[in-house]
$ cat protein_19.cif   # mmCIF, C-alpha atoms
data_input
loop_
_atom_site.label_atom_id
_atom_site.label_comp_id
_atom_site.auth_asym_id
_atom_site.auth_seq_id
_atom_site.Cartn_x
_atom_site.Cartn_y
_atom_site.Cartn_z
CA MET A 22 -17.13 7.34 -8.69
CA TYR A 23 -16.44 4.35 -6.50
CA GLN A 24 -17.99 0.90 -6.62
CA THR A 25 -18.51 -1.54 -3.77
CA GLU A 26 -17.43 -5.15 -4.09
CA ASN A 27 -18.41 -7.88 -1.64
CA TYR A 28 -17.16 -11.23 -2.88
CA THR A 29 -15.17 -14.33 -2.07
CA ASN A 30 -11.59 -13.60 -3.04
CA PRO A 31 -9.66 -16.46 -4.69
CA ILE A 32 -6.64 -15.53 -2.55
CA ARG A 33 -8.38 -17.16 0.39
CA HIS A 34 -8.49 -20.52 -1.33
CA GLU A 35 -5.26 -20.61 -3.31
CA VAL A 36 -2.69 -19.10 -0.94
CA PRO A 37 -2.16 -20.15 2.67
CA LEU A 38 -2.59 -17.04 4.77
CA PRO A 39 -1.01 -16.28 8.14
CA THR A 40 -3.13 -17.38 11.07
CA GLU A 41 -3.01 -14.09 12.95
CA ALA A 42 -4.93 -10.99 12.00
CA GLY A 43 -2.43 -8.24 12.54
CA LEU A 44 -3.73 -5.58 14.88
CA PHE A 45 -7.37 -6.53 14.72
CA CYS A 46 -9.00 -8.75 17.32
CA LYS A 47 -10.39 -11.94 15.80
CA ASN A 48 -12.34 -13.02 18.88
CA ASP A 49 -14.69 -10.04 18.90
CA LYS A 50 -18.11 -11.59 18.39
CA THR A 51 -19.70 -8.17 17.89
CA LYS A 52 -17.49 -7.12 14.99
CA THR A 53 -19.20 -6.11 11.77
CA MET A 54 -18.01 -6.42 8.19
CA LYS A 55 -15.23 -3.93 7.57
CA ARG A 56 -15.55 -1.55 4.63
CA ILE A 57 -12.22 -0.87 2.94
CA ALA A 58 -11.60 1.83 0.34
CA ILE A 59 -8.86 0.94 -2.17
CA GLN A 60 -7.54 2.33 -5.42
CA GLY A 61 -8.30 -0.14 -8.20
CA ILE A 62 -10.70 -3.03 -8.65
CA LYS A 63 -11.08 -6.60 -7.43
CA GLY A 64 -8.05 -8.67 -8.35
CA SER A 65 -5.72 -5.70 -7.93
CA TYR A 66 -2.73 -5.72 -5.61
CA HIS A 67 -4.60 -3.37 -3.27
CA ASP A 68 -7.38 -5.97 -3.13
CA MET A 69 -4.82 -8.68 -2.30
CA ALA A 70 -3.20 -6.56 0.41
CA ALA A 71 -6.59 -5.84 1.99
CA HIS A 72 -7.48 -9.53 2.16
CA TYR A 73 -4.10 -10.49 3.57
CA PHE A 74 -4.23 -7.78 6.22
CA PHE A 75 -7.83 -8.53 7.23
CA ASP A 76 -7.14 -12.25 7.25
CA LYS A 77 -10.24 -14.38 7.95
CA GLU A 78 -12.49 -11.32 8.15
CA ASP A 79 -15.35 -10.51 5.83
CA ILE A 80 -14.68 -7.22 4.10
CA GLU A 81 -16.52 -5.04 1.64
CA LEU A 82 -14.30 -3.31 -0.88
CA ILE A 83 -15.03 0.24 -1.98
CA CYS A 84 -13.20 0.43 -5.30
CA CYS A 85 -12.01 3.95 -6.14
CA SER A 86 -10.54 5.29 -9.37
CA THR A 87 -7.89 7.47 -7.70
CA PHE A 88 -6.02 7.76 -4.42
CA GLU A 89 -7.66 11.16 -3.91
CA GLU A 90 -11.00 9.38 -3.95
CA VAL A 91 -9.77 6.81 -1.40
CA PHE A 92 -8.77 9.47 1.12
CA ALA A 93 -11.94 11.50 0.50
CA THR A 94 -14.11 8.42 1.05
CA VAL A 95 -12.51 7.69 4.43
CA LYS A 96 -12.76 11.35 5.48
CA ASP A 97 -16.45 11.45 4.59
CA ASP A 98 -17.48 8.20 6.29
CA SER A 99 -16.14 7.16 9.70
CA THR A 100 -17.17 3.54 9.10
CA VAL A 101 -14.74 3.20 6.18
CA LEU A 102 -11.05 2.32 6.43
CA GLY A 103 -8.57 3.14 3.69
CA MET A 104 -5.67 1.17 2.26
CA ALA A 105 -3.05 2.72 -0.01
CA ALA A 106 0.38 1.84 -1.30
CA ILE A 107 3.10 4.08 0.08
CA GLU A 108 6.36 2.60 -1.23
CA ASN A 109 7.80 -0.13 -3.42
CA THR A 110 11.22 -1.74 -3.07
CA ILE A 111 11.96 -1.09 -6.76
CA ALA A 112 9.93 1.96 -7.82
CA GLY A 113 10.47 3.82 -4.54
CA SER A 114 8.06 6.02 -2.59
CA LEU A 115 4.66 7.17 -3.80
CA LEU A 116 5.31 10.80 -2.96
CA HIS A 117 1.81 12.00 -3.78
CA ASN A 118 0.34 9.55 -1.28
CA TYR A 119 2.55 11.02 1.44
CA GLU A 120 1.02 14.41 0.67
CA LEU A 121 -2.52 13.03 0.63
CA LEU A 122 -1.98 11.32 3.97
CA CYS A 123 -0.52 14.41 5.62
CA ASP A 124 -3.26 16.71 4.30
CA SER A 125 -6.12 14.32 5.08
CA GLY A 126 -5.83 14.35 8.87
CA LEU A 127 -6.37 10.58 8.87
CA THR A 128 -4.42 8.21 11.14
CA ILE A 129 -2.36 5.14 10.20
CA VAL A 130 -3.53 2.07 12.13
CA GLY A 131 -1.58 -0.68 10.35
CA GLU A 132 0.50 -1.77 7.39
CA HIS A 133 1.14 -4.78 5.18
CA LYS A 134 4.11 -5.62 2.94
CA LEU A 135 3.01 -7.58 -0.11
CA ARG A 136 5.26 -9.51 -2.48
CA ILE A 137 4.43 -8.35 -6.01
CA SER A 138 4.50 -11.16 -8.56
CA HIS A 139 3.29 -10.39 -12.06
CA SER A 140 1.67 -12.84 -14.48
CA LEU A 141 0.62 -12.66 -18.12
CA LEU A 142 -3.13 -13.21 -18.58
CA CYS A 143 -5.17 -13.63 -21.76
CA LEU A 144 -8.53 -14.95 -22.94
CA PRO A 145 -9.00 -18.72 -22.58
CA ASP A 146 -8.72 -19.51 -26.31
CA ASP A 147 -5.53 -17.49 -26.88
CA ASN A 148 -1.97 -18.78 -26.61
CA ILE A 149 1.34 -16.92 -26.40
CA GLU A 150 1.80 -17.00 -30.19
CA ASP A 151 -1.58 -15.27 -30.61
CA ILE A 152 -0.67 -12.30 -28.41
CA THR A 153 0.25 -9.04 -30.17
CA GLU A 154 -0.37 -6.48 -27.39
CA VAL A 155 0.39 -6.37 -23.66
CA HIS A 156 -1.51 -3.95 -21.40
CA SER A 157 -0.78 -2.89 -17.84
CA HIS A 158 0.08 -0.06 -15.48
CA PRO A 159 3.38 1.67 -16.42
CA VAL A 160 5.10 0.56 -13.20
CA ALA A 161 4.16 -3.09 -13.78
CA LEU A 162 5.42 -2.87 -17.36
CA MET A 163 8.70 -1.42 -16.12
CA GLN A 164 9.05 -4.21 -13.58
CA CYS A 165 8.67 -6.81 -16.37
CA ARG A 166 11.05 -5.19 -18.84
CA GLU A 167 13.29 -8.26 -19.25
CA PHE A 168 10.30 -10.46 -20.10
CA LEU A 169 9.07 -7.87 -22.59
CA ALA A 170 12.57 -7.57 -24.08
CA ARG A 171 12.47 -11.32 -24.80
CA HIS A 172 9.27 -10.75 -26.76
CA PRO A 173 10.06 -7.68 -28.89
CA ARG A 174 7.15 -8.30 -31.27
CA LEU A 175 4.66 -7.47 -28.50
CA LYS A 176 3.25 -3.95 -28.53
CA VAL A 177 3.32 -2.48 -25.02
CA VAL A 178 0.24 -0.42 -24.07
CA GLU A 179 0.10 1.55 -20.83
CA GLY A 180 -3.12 1.44 -18.82
CA GLU A 181 -4.44 2.87 -15.57
CA ASP A 182 -4.47 -0.37 -13.59
CA THR A 183 -3.06 -3.91 -13.62
CA ALA A 184 -6.28 -5.81 -12.87
CA GLY A 185 -8.21 -3.14 -14.76
CA SER A 186 -6.34 -4.09 -17.92
CA ALA A 187 -7.43 -7.71 -17.46
CA GLU A 188 -11.02 -6.67 -16.80
CA ILE A 189 -11.18 -4.64 -20.04
CA ILE A 190 -9.74 -7.49 -22.13
CA SER A 191 -12.26 -9.88 -20.60
CA ARG A 192 -15.26 -7.57 -20.87
CA GLU A 193 -14.58 -6.60 -24.47
CA GLN A 194 -13.29 -10.07 -25.43
CA LEU A 195 -10.15 -8.64 -27.00
CA ARG A 196 -8.48 -11.57 -28.74
CA GLY A 197 -4.71 -11.31 -29.15
CA GLN A 198 -4.31 -9.01 -26.14
CA ALA A 199 -2.85 -9.82 -22.74
CA ALA A 200 -2.59 -8.11 -19.38
CA ILE A 201 0.21 -8.05 -16.83
CA CYS A 202 -1.28 -8.33 -13.34
CA SER A 203 -1.66 -10.76 -10.46
CA LYS A 204 -2.59 -14.34 -11.32
CA PHE A 205 -5.45 -14.03 -8.84
CA ALA A 206 -7.29 -11.81 -11.32
CA ALA A 207 -7.59 -14.74 -13.75
CA PRO A 208 -10.54 -16.60 -12.15
CA LEU A 209 -12.28 -13.31 -11.36
CA TYR A 210 -12.40 -12.35 -15.04
CA GLY A 211 -12.46 -15.75 -16.71
CA MET A 212 -8.93 -15.47 -18.09
CA LYS A 213 -6.02 -17.84 -18.55
CA VAL A 214 -2.55 -17.51 -17.01
CA LEU A 215 0.02 -17.78 -19.80
CA GLU A 216 3.07 -17.30 -17.61
CA GLU A 217 3.70 -16.61 -13.92
CA GLY A 218 6.48 -14.72 -12.18
CA ILE A 219 7.49 -12.56 -15.14
CA GLU A 220 8.78 -9.69 -12.99
CA THR A 221 12.49 -8.97 -13.45
CA ASN A 222 13.35 -8.63 -9.76
CA LYS A 223 11.88 -11.26 -7.46
CA HIS A 224 12.53 -9.08 -4.39
CA ASN A 225 9.63 -6.85 -5.33
CA PHE A 226 7.51 -5.74 -2.37
CA THR A 227 4.99 -2.96 -1.89
CA ARG A 228 4.17 -1.51 1.51
CA PHE A 229 0.52 -0.63 2.06
CA LEU A 230 -0.83 1.58 4.86
CA VAL A 231 -4.20 1.14 6.55
CA PHE A 232 -5.77 4.33 7.88
CA SER A 233 -8.94 5.60 9.52
CA GLN A 234 -10.47 8.69 11.01
CA PRO A 235 -8.52 9.58 14.21
CA GLN A 236 -11.41 8.95 16.59
CA ARG A 237 -11.60 5.31 15.46
CA ALA A 238 -7.88 4.57 15.66
CA ASN A 239 -7.79 3.15 19.19
CA LEU A 240 -10.69 0.82 18.36
CA LEU A 241 -8.74 -0.63 15.45
CA ARG A 242 -5.34 -1.27 16.97
CA ASP A 243 -3.92 -2.92 20.06
CA ILE A 244 -1.77 -0.25 21.68
CA ARG A 245 0.12 -2.99 23.56
CA GLN A 246 1.46 -4.27 20.24
CA THR A 247 2.39 -0.84 18.88
CA ASN A 248 6.07 -0.78 17.90
CA LYS A 249 6.22 1.60 14.96
CA ALA A 250 5.34 5.24 14.30
CA SER A 251 5.20 7.52 11.29
CA LEU A 252 5.93 11.24 11.75
CA VAL A 253 6.13 14.31 9.57
CA PHE A 254 7.89 17.52 10.58
CA THR A 255 9.48 20.67 9.26
CA LEU A 256 12.65 22.24 10.60
CA PRO A 257 14.12 25.71 10.92
CA HIS A 258 16.31 26.54 7.93
CA GLU A 259 19.41 26.40 10.10
CA GLU A 260 22.67 24.52 10.04
CA GLY A 261 22.52 21.19 11.86
CA SER A 262 18.75 21.22 12.50
CA LEU A 263 18.16 17.74 11.03
CA SER A 264 21.24 16.20 12.60
CA GLN A 265 20.08 17.38 16.04
CA VAL A 266 16.77 15.57 15.63
CA LEU A 267 18.43 12.40 14.38
CA SER A 268 20.90 12.44 17.25
CA ILE A 269 18.08 12.55 19.79
CA LEU A 270 16.25 9.66 18.09
CA SER A 271 19.49 7.69 18.23
CA PHE A 272 20.00 8.56 21.90
CA TYR A 273 16.60 7.06 22.72
CA LYS A 274 17.57 3.93 20.76
CA LEU A 275 14.87 4.24 18.13
CA ASN A 276 15.30 2.49 14.79
CA LEU A 277 15.00 4.97 11.93
CA THR A 278 13.60 2.70 9.21
CA LYS A 279 12.79 5.41 6.67
CA ILE A 280 13.29 9.10 6.04
CA GLN A 281 11.72 10.83 3.06
CA SER A 282 11.94 14.53 2.24
CA LEU A 283 9.46 16.54 0.19
CA PRO A 284 9.92 20.20 -0.76
CA LEU A 285 7.80 22.84 0.93
CA VAL A 286 5.88 24.52 -1.88
CA GLY A 287 6.66 28.22 -2.01
CA LYS A 288 9.71 27.91 0.27
CA GLU A 289 12.78 27.27 -1.81
CA TRP A 290 15.19 24.63 -0.46
CA GLN A 291 13.06 23.89 2.60
CA TYR A 292 11.54 20.47 3.18
CA MET A 293 9.07 18.35 5.09
CA PHE A 294 10.56 15.18 6.50
CA TYR A 295 8.56 11.96 6.73
CA VAL A 296 10.08 9.51 9.19
CA ASP A 297 9.27 5.93 10.21
CA LEU A 298 10.51 4.84 13.63
CA GLY A 299 10.67 1.38 15.15
CA PHE A 300 10.77 0.90 18.92
CA ASP A 301 10.33 -1.74 21.61
CA ASP A 302 9.57 0.63 24.49
CA TYR A 303 6.59 2.96 24.05
CA THR A 304 7.61 5.16 26.99
CA ARG A 305 11.06 5.75 25.55
CA TYR A 306 9.50 6.54 22.16
CA SER A 307 7.14 9.08 23.79
CA GLN A 308 10.07 10.71 25.56
CA SER A 309 11.89 11.06 22.24
CA ILE A 310 8.89 12.85 20.73
CA ASP A 311 8.84 15.27 23.65
CA ALA A 312 12.57 15.86 23.16
CA ILE A 313 12.48 16.63 19.44
CA THR A 314 9.27 18.68 19.41
CA PRO A 315 10.98 21.96 20.49
CA LEU A 316 13.51 21.52 17.68
CA THR A 317 10.86 21.30 14.96
CA LYS A 318 8.69 24.01 13.48
CA GLU A 319 5.77 21.64 13.03
CA LEU A 320 5.48 17.98 14.02
CA LYS A 321 2.59 15.63 13.36
CA ILE A 322 2.25 11.97 14.34
CA LEU A 323 0.66 10.27 11.32
CA GLY A 324 0.13 7.02 13.17
CA GLU A 325 1.34 4.57 15.80
CA TYR A 326 0.84 0.93 14.85
CA GLN A 327 2.32 -2.55 14.72
CA ASP A 328 5.14 -3.31 12.27
CA GLY A 329 3.38 -5.08 9.42
CA ARG A 330 3.99 -8.65 8.42
CA GLN A 331 5.41 -9.48 5.02
CA THR A 332 3.69 -11.78 2.55
CA ILE A 333 6.23 -13.95 0.72
#

$ encode --input "protein_19.cif" --output "structure tokens"
Amino acid sequence: MYQTENYTNPIRHEVPLPTEAGLFCKNDKTKTMKRIAIQGIKGSYHDMAAHYFFDKEDIELICCSTFEEVFATVKDDSTVLGMAAIENTIAGSLLHNYELLCDSGLTIVGEHKLRISHSLLCLPDDNIEDITEVHSHPVALMQCREFLARHPRLKVVEGEDTAGSAEIISREQLRGQAAICSKFAAPLYGMKVLEEGIETNKHNFTRFLVFSQPQRANLLRDIRQTNKASLVFTLPHEEGSLSQVLSILSFYKLNLTKIQSLPLVGKEWQYMFYVDLGFDDYTRYSQSIDAITPLTKELKILGEYQDGRQTI
């Protein structure tokens, strides 16, 4: 079951945000508050990404427990946009989210690349010597393994969410327990930041996709600024079928920024290919799609949008 959250996010006050608003027009006087479905709760990295992407806009968060719930919420309500992580520079691709996106029939209208910086949070009266347990999502714990190795006495406890771990500690007033999450969760849950930047690799970014029902896509993006596309296709199980497609994309001078394969269930050694393409000429991009379509068994454009900015 999801919850809605409409609040002033501390990100707006503590971090200088870019002045532009991505694909969304900021001068539209008739715009209404956007409703954004995310996985997680306020203070989560999905929350941060949503506020960075919709810079200077008022948004209402619809906080979902699972990614399945995020996609279902957007499918069921055309007024809702979705935001979901799709890949991380350390942990790799979220393969299940590729499947959810493909099966949903929803359209990508934007993206944001968020720097992930983890902090250690605890109750206000605790100090580092009081902490005996550290809670967080398994991926966040993995990304802080060097910090945890320097504190071998701490018991590591896996949870469902980074900010969710902080919320539980705060709500239940669990003395001696800490959470690994964003520092921006601290004021939201009345917690103290013991240490910032505890992630092992400082080049830790997560790419988030923004998506909507297809009929709303052109209202949410400026086609003149479109310079990126995400596709999914299958190929005949024949020698050279993939290389032919890649050669055509190269001929049209498209930048292949990502290719991800997923097995076709029930068809041994056959795959679906998810591809991200960058381009500076929409006509040339369209011609490339026309050229590769006869070579594929099934091709779907998941979205055409503007290359997302990166939050440092």

$ closest_residue --input "protein_19.cif" --among "A:Lys279, A:Lys321, A:Arg171, A:Lys204" --to "Thr255 of chain A" --atoms "only C-alpha atoms"
A:Lys321

$ resolve_selection --input "protein_19.cif" --expression "the PyMOL selection byres ((chain A and resi 207) around 12)" --output "mmCIF file with C-alpha atoms, in the frame of the given file"
data_model
loop_
_atom_site.group_PDB
_atom_site.id
_atom_site.type_symbol
_atom_site.label_atom_id
_atom_site.label_comp_id
_atom_site.auth_asym_id
_atom_site.auth_seq_id
_atom_site.Cartn_x
_atom_site.Cartn_y
_atom_site.Cartn_z
ATOM 1 C CA ASN A 30 -11.590 -13.600 -3.040
ATOM 2 C CA PRO A 31 -9.660 -16.460 -4.690
ATOM 3 C CA ILE A 32 -6.640 -15.530 -2.550
ATOM 4 C CA LYS A 63 -11.080 -6.600 -7.430
ATOM 5 C CA GLY A 64 -8.050 -8.670 -8.350
ATOM 6 C CA SER A 65 -5.720 -5.700 -7.930
ATOM 7 C CA HIS A 139 3.290 -10.390 -12.060
ATOM 8 C CA SER A 140 1.670 -12.840 -14.480
ATOM 9 C CA LEU A 141 0.620 -12.660 -18.120
ATOM 10 C CA LEU A 142 -3.130 -13.210 -18.580
ATOM 11 C CA CYS A 143 -5.170 -13.630 -21.760
ATOM 12 C CA LEU A 144 -8.530 -14.950 -22.940
ATOM 13 C CA PRO A 145 -9.000 -18.720 -22.580
ATOM 14 C CA THR A 183 -3.060 -3.910 -13.620
ATOM 15 C CA ALA A 184 -6.280 -5.810 -12.870
ATOM 16 C CA GLY A 185 -8.210 -3.140 -14.760
ATOM 17 C CA SER A 186 -6.340 -4.090 -17.920
ATOM 18 C CA ALA A 187 -7.430 -7.710 -17.460
ATOM 19 C CA GLU A 188 -11.020 -6.670 -16.800
ATOM 20 C CA ILE A 190 -9.740 -7.490 -22.130
ATOM 21 C CA SER A 191 -12.260 -9.880 -20.600
ATOM 22 C CA ALA A 199 -2.850 -9.820 -22.740
ATOM 23 C CA ALA A 200 -2.590 -8.110 -19.380
ATOM 24 C CA ILE A 201 0.210 -8.050 -16.830
ATOM 25 C CA CYS A 202 -1.280 -8.330 -13.340
ATOM 26 C CA SER A 203 -1.660 -10.760 -10.460
ATOM 27 C CA LYS A 204 -2.590 -14.340 -11.320
ATOM 28 C CA PHE A 205 -5.450 -14.030 -8.840
ATOM 29 C CA ALA A 206 -7.290 -11.810 -11.320
ATOM 30 C CA PRO A 208 -10.540 -16.600 -12.150
ATOM 31 C CA LEU A 209 -12.280 -13.310 -11.360
ATOM 32 C CA TYR A 210 -12.400 -12.350 -15.040
ATOM 33 C CA GLY A 211 -12.460 -15.750 -16.710
ATOM 34 C CA MET A 212 -8.930 -15.470 -18.090
ATOM 35 C CA LYS A 213 -6.020 -17.840 -18.550
ATOM 36 C CA VAL A 214 -2.550 -17.510 -17.010
ATOM 37 C CA LEU A 215 0.020 -17.780 -19.800
ATOM 38 C CA GLU A 216 3.070 -17.300 -17.610
ATOM 39 C CA GLU A 217 3.700 -16.610 -13.920
#

$ atom_distance --input "protein_19.cif" --atom1 "atom CA of Thr53 of chain A" --atom2 "atom CA of Ser233 of chain A"
15.7 Å

$ closest_residue --input "protein_19.cif" --among "A:Asp124, A:Glu220, A:Asp68, A:Asp76" --to "Ile137 of chain A" --atoms "only C-alpha atoms"
A:Glu220

$ resolve_selection --input "protein_19.cif" --expression "the PyMOL selection byres ((chain A and resi 105-114) around 10)" --output "MDAnalysis selection string"
chainID A and resid 58:60 66:67 70:71 88 91:92 103:104 115:119 122 132:137 160:161 163:164 222 224:232 281

$ write_last_selection --input "protein_19.cif" --atoms "C-alpha atoms" --output "short mmCIF file (atom, residue, chain, number, x, y, z; two decimals), keeping the file's coordinate frame"
data_model
loop_
_atom_site.label_atom_id
_atom_site.label_comp_id
_atom_site.auth_asym_id
_atom_site.auth_seq_id
_atom_site.Cartn_x
_atom_site.Cartn_y
_atom_site.Cartn_z
CA ALA A 58 -11.60 1.83 0.34
CA ILE A 59 -8.86 0.94 -2.17
CA GLN A 60 -7.54 2.33 -5.42
CA TYR A 66 -2.73 -5.72 -5.61
CA HIS A 67 -4.60 -3.37 -3.27
CA ALA A 70 -3.20 -6.56 0.41
CA ALA A 71 -6.59 -5.84 1.99
CA PHE A 88 -6.02 7.76 -4.42
CA VAL A 91 -9.77 6.81 -1.40
CA PHE A 92 -8.77 9.47 1.12
CA GLY A 103 -8.57 3.14 3.69
CA MET A 104 -5.67 1.17 2.26
CA LEU A 115 4.66 7.17 -3.80
CA LEU A 116 5.31 10.80 -2.96
CA HIS A 117 1.81 12.00 -3.78
CA ASN A 118 0.34 9.55 -1.28
CA TYR A 119 2.55 11.02 1.44
CA LEU A 122 -1.98 11.32 3.97
CA GLU A 132 0.50 -1.77 7.39
CA HIS A 133 1.14 -4.78 5.18
CA LYS A 134 4.11 -5.62 2.94
CA LEU A 135 3.01 -7.58 -0.11
CA ARG A 136 5.26 -9.51 -2.48
CA ILE A 137 4.43 -8.35 -6.01
CA VAL A 160 5.10 0.56 -13.20
CA ALA A 161 4.16 -3.09 -13.78
CA MET A 163 8.70 -1.42 -16.12
CA GLN A 164 9.05 -4.21 -13.58
CA ASN A 222 13.35 -8.63 -9.76
CA HIS A 224 12.53 -9.08 -4.39
CA ASN A 225 9.63 -6.85 -5.33
CA PHE A 226 7.51 -5.74 -2.37
CA THR A 227 4.99 -2.96 -1.89
CA ARG A 228 4.17 -1.51 1.51
CA PHE A 229 0.52 -0.63 2.06
CA LEU A 230 -0.83 1.58 4.86
CA VAL A 231 -4.20 1.14 6.55
CA PHE A 232 -5.77 4.33 7.88
CA GLN A 281 11.72 10.83 3.06
#

$ closest_residue --input "protein_19.cif" --among "A:Ala93, A:Ile219, A:Val286, A:Leu82" --to "Ser138 of chain A" --atoms "only C-alpha atoms"
A:Ile219

$ residues_around --input "protein_19.cif" --residues "segment 297-304 of chain A" --least-positions-apart "3" --cutoff "6 Å" --atoms "all atoms listed in the file" --output "PyMOL selection string"
chain A and resi 248-251+275-279+307

$ closest_residue --input "protein_19.cif" --among "A:Glu90, A:Arg245, A:Gln234, A:Ile80" --to "Tyr326 of chain A" --atoms "only C-alpha atoms"
A:Arg245

$ resolve_selection --input "protein_19.cif" --expression "the PyMOL selection byres ((chain A and resi 197) around 10)" --output "ChimeraX atom specification"
/A:143-144,146-155,190,194-196,198-199

$ residues_near_point --input "protein_19.cif" --point "(-10.0, 0.6, -7.8)" --cutoff "7 Å" --atoms "all atoms listed in the file" --output "ChimeraX atom specification"
/A:59-62,84-86

$ atom_distance --input "protein_19.cif" --atom1 "atom CA of Arg56 of chain A" --atom2 "atom CA of Met69 of chain A"
14.6 Å

$ residues_around --input "protein_19.cif" --residues "Ile280 of chain A" --least-positions-apart "4" --cutoff "8 Å" --atoms "all atoms listed in the file" --output "PyMOL selection string"
chain A and resi 294-297

$ write_last_selection --input "protein_19.cif" --atoms "C-alpha atoms" --output "PDB file, keeping the file's coordinate frame"
ATOM      1  CA  PHE A 294      10.560  15.180   6.500  1.00  0.00           C
ATOM      2  CA  TYR A 295       8.560  11.960   6.730  1.00  0.00           C
ATOM      3  CA  VAL A 296      10.080   9.510   9.190  1.00  0.00           C
ATOM      4  CA  ASP A 297       9.270   5.930  10.210  1.00  0.00           C
TER       5      ASP A 297
END

$ atom_distance --input "protein_19.cif" --atom1 "atom CA of Ile83 of chain A" --atom2 "atom CA of Ser99 of chain A"
13.6 Å

$ closest_residue --input "protein_19.cif" --among "A:Gly218, A:Gln291, A:Val253, A:Ser282" --to "Thr314 of chain A" --atoms "all atoms listed in the file"
A:Val253

$ closest_residue --input "protein_19.cif" --among "A:His158, A:Lys318, A:Arg242, A:His72" --to "Leu263 of chain A" --atoms "all atoms listed in the file"
A:Lys318
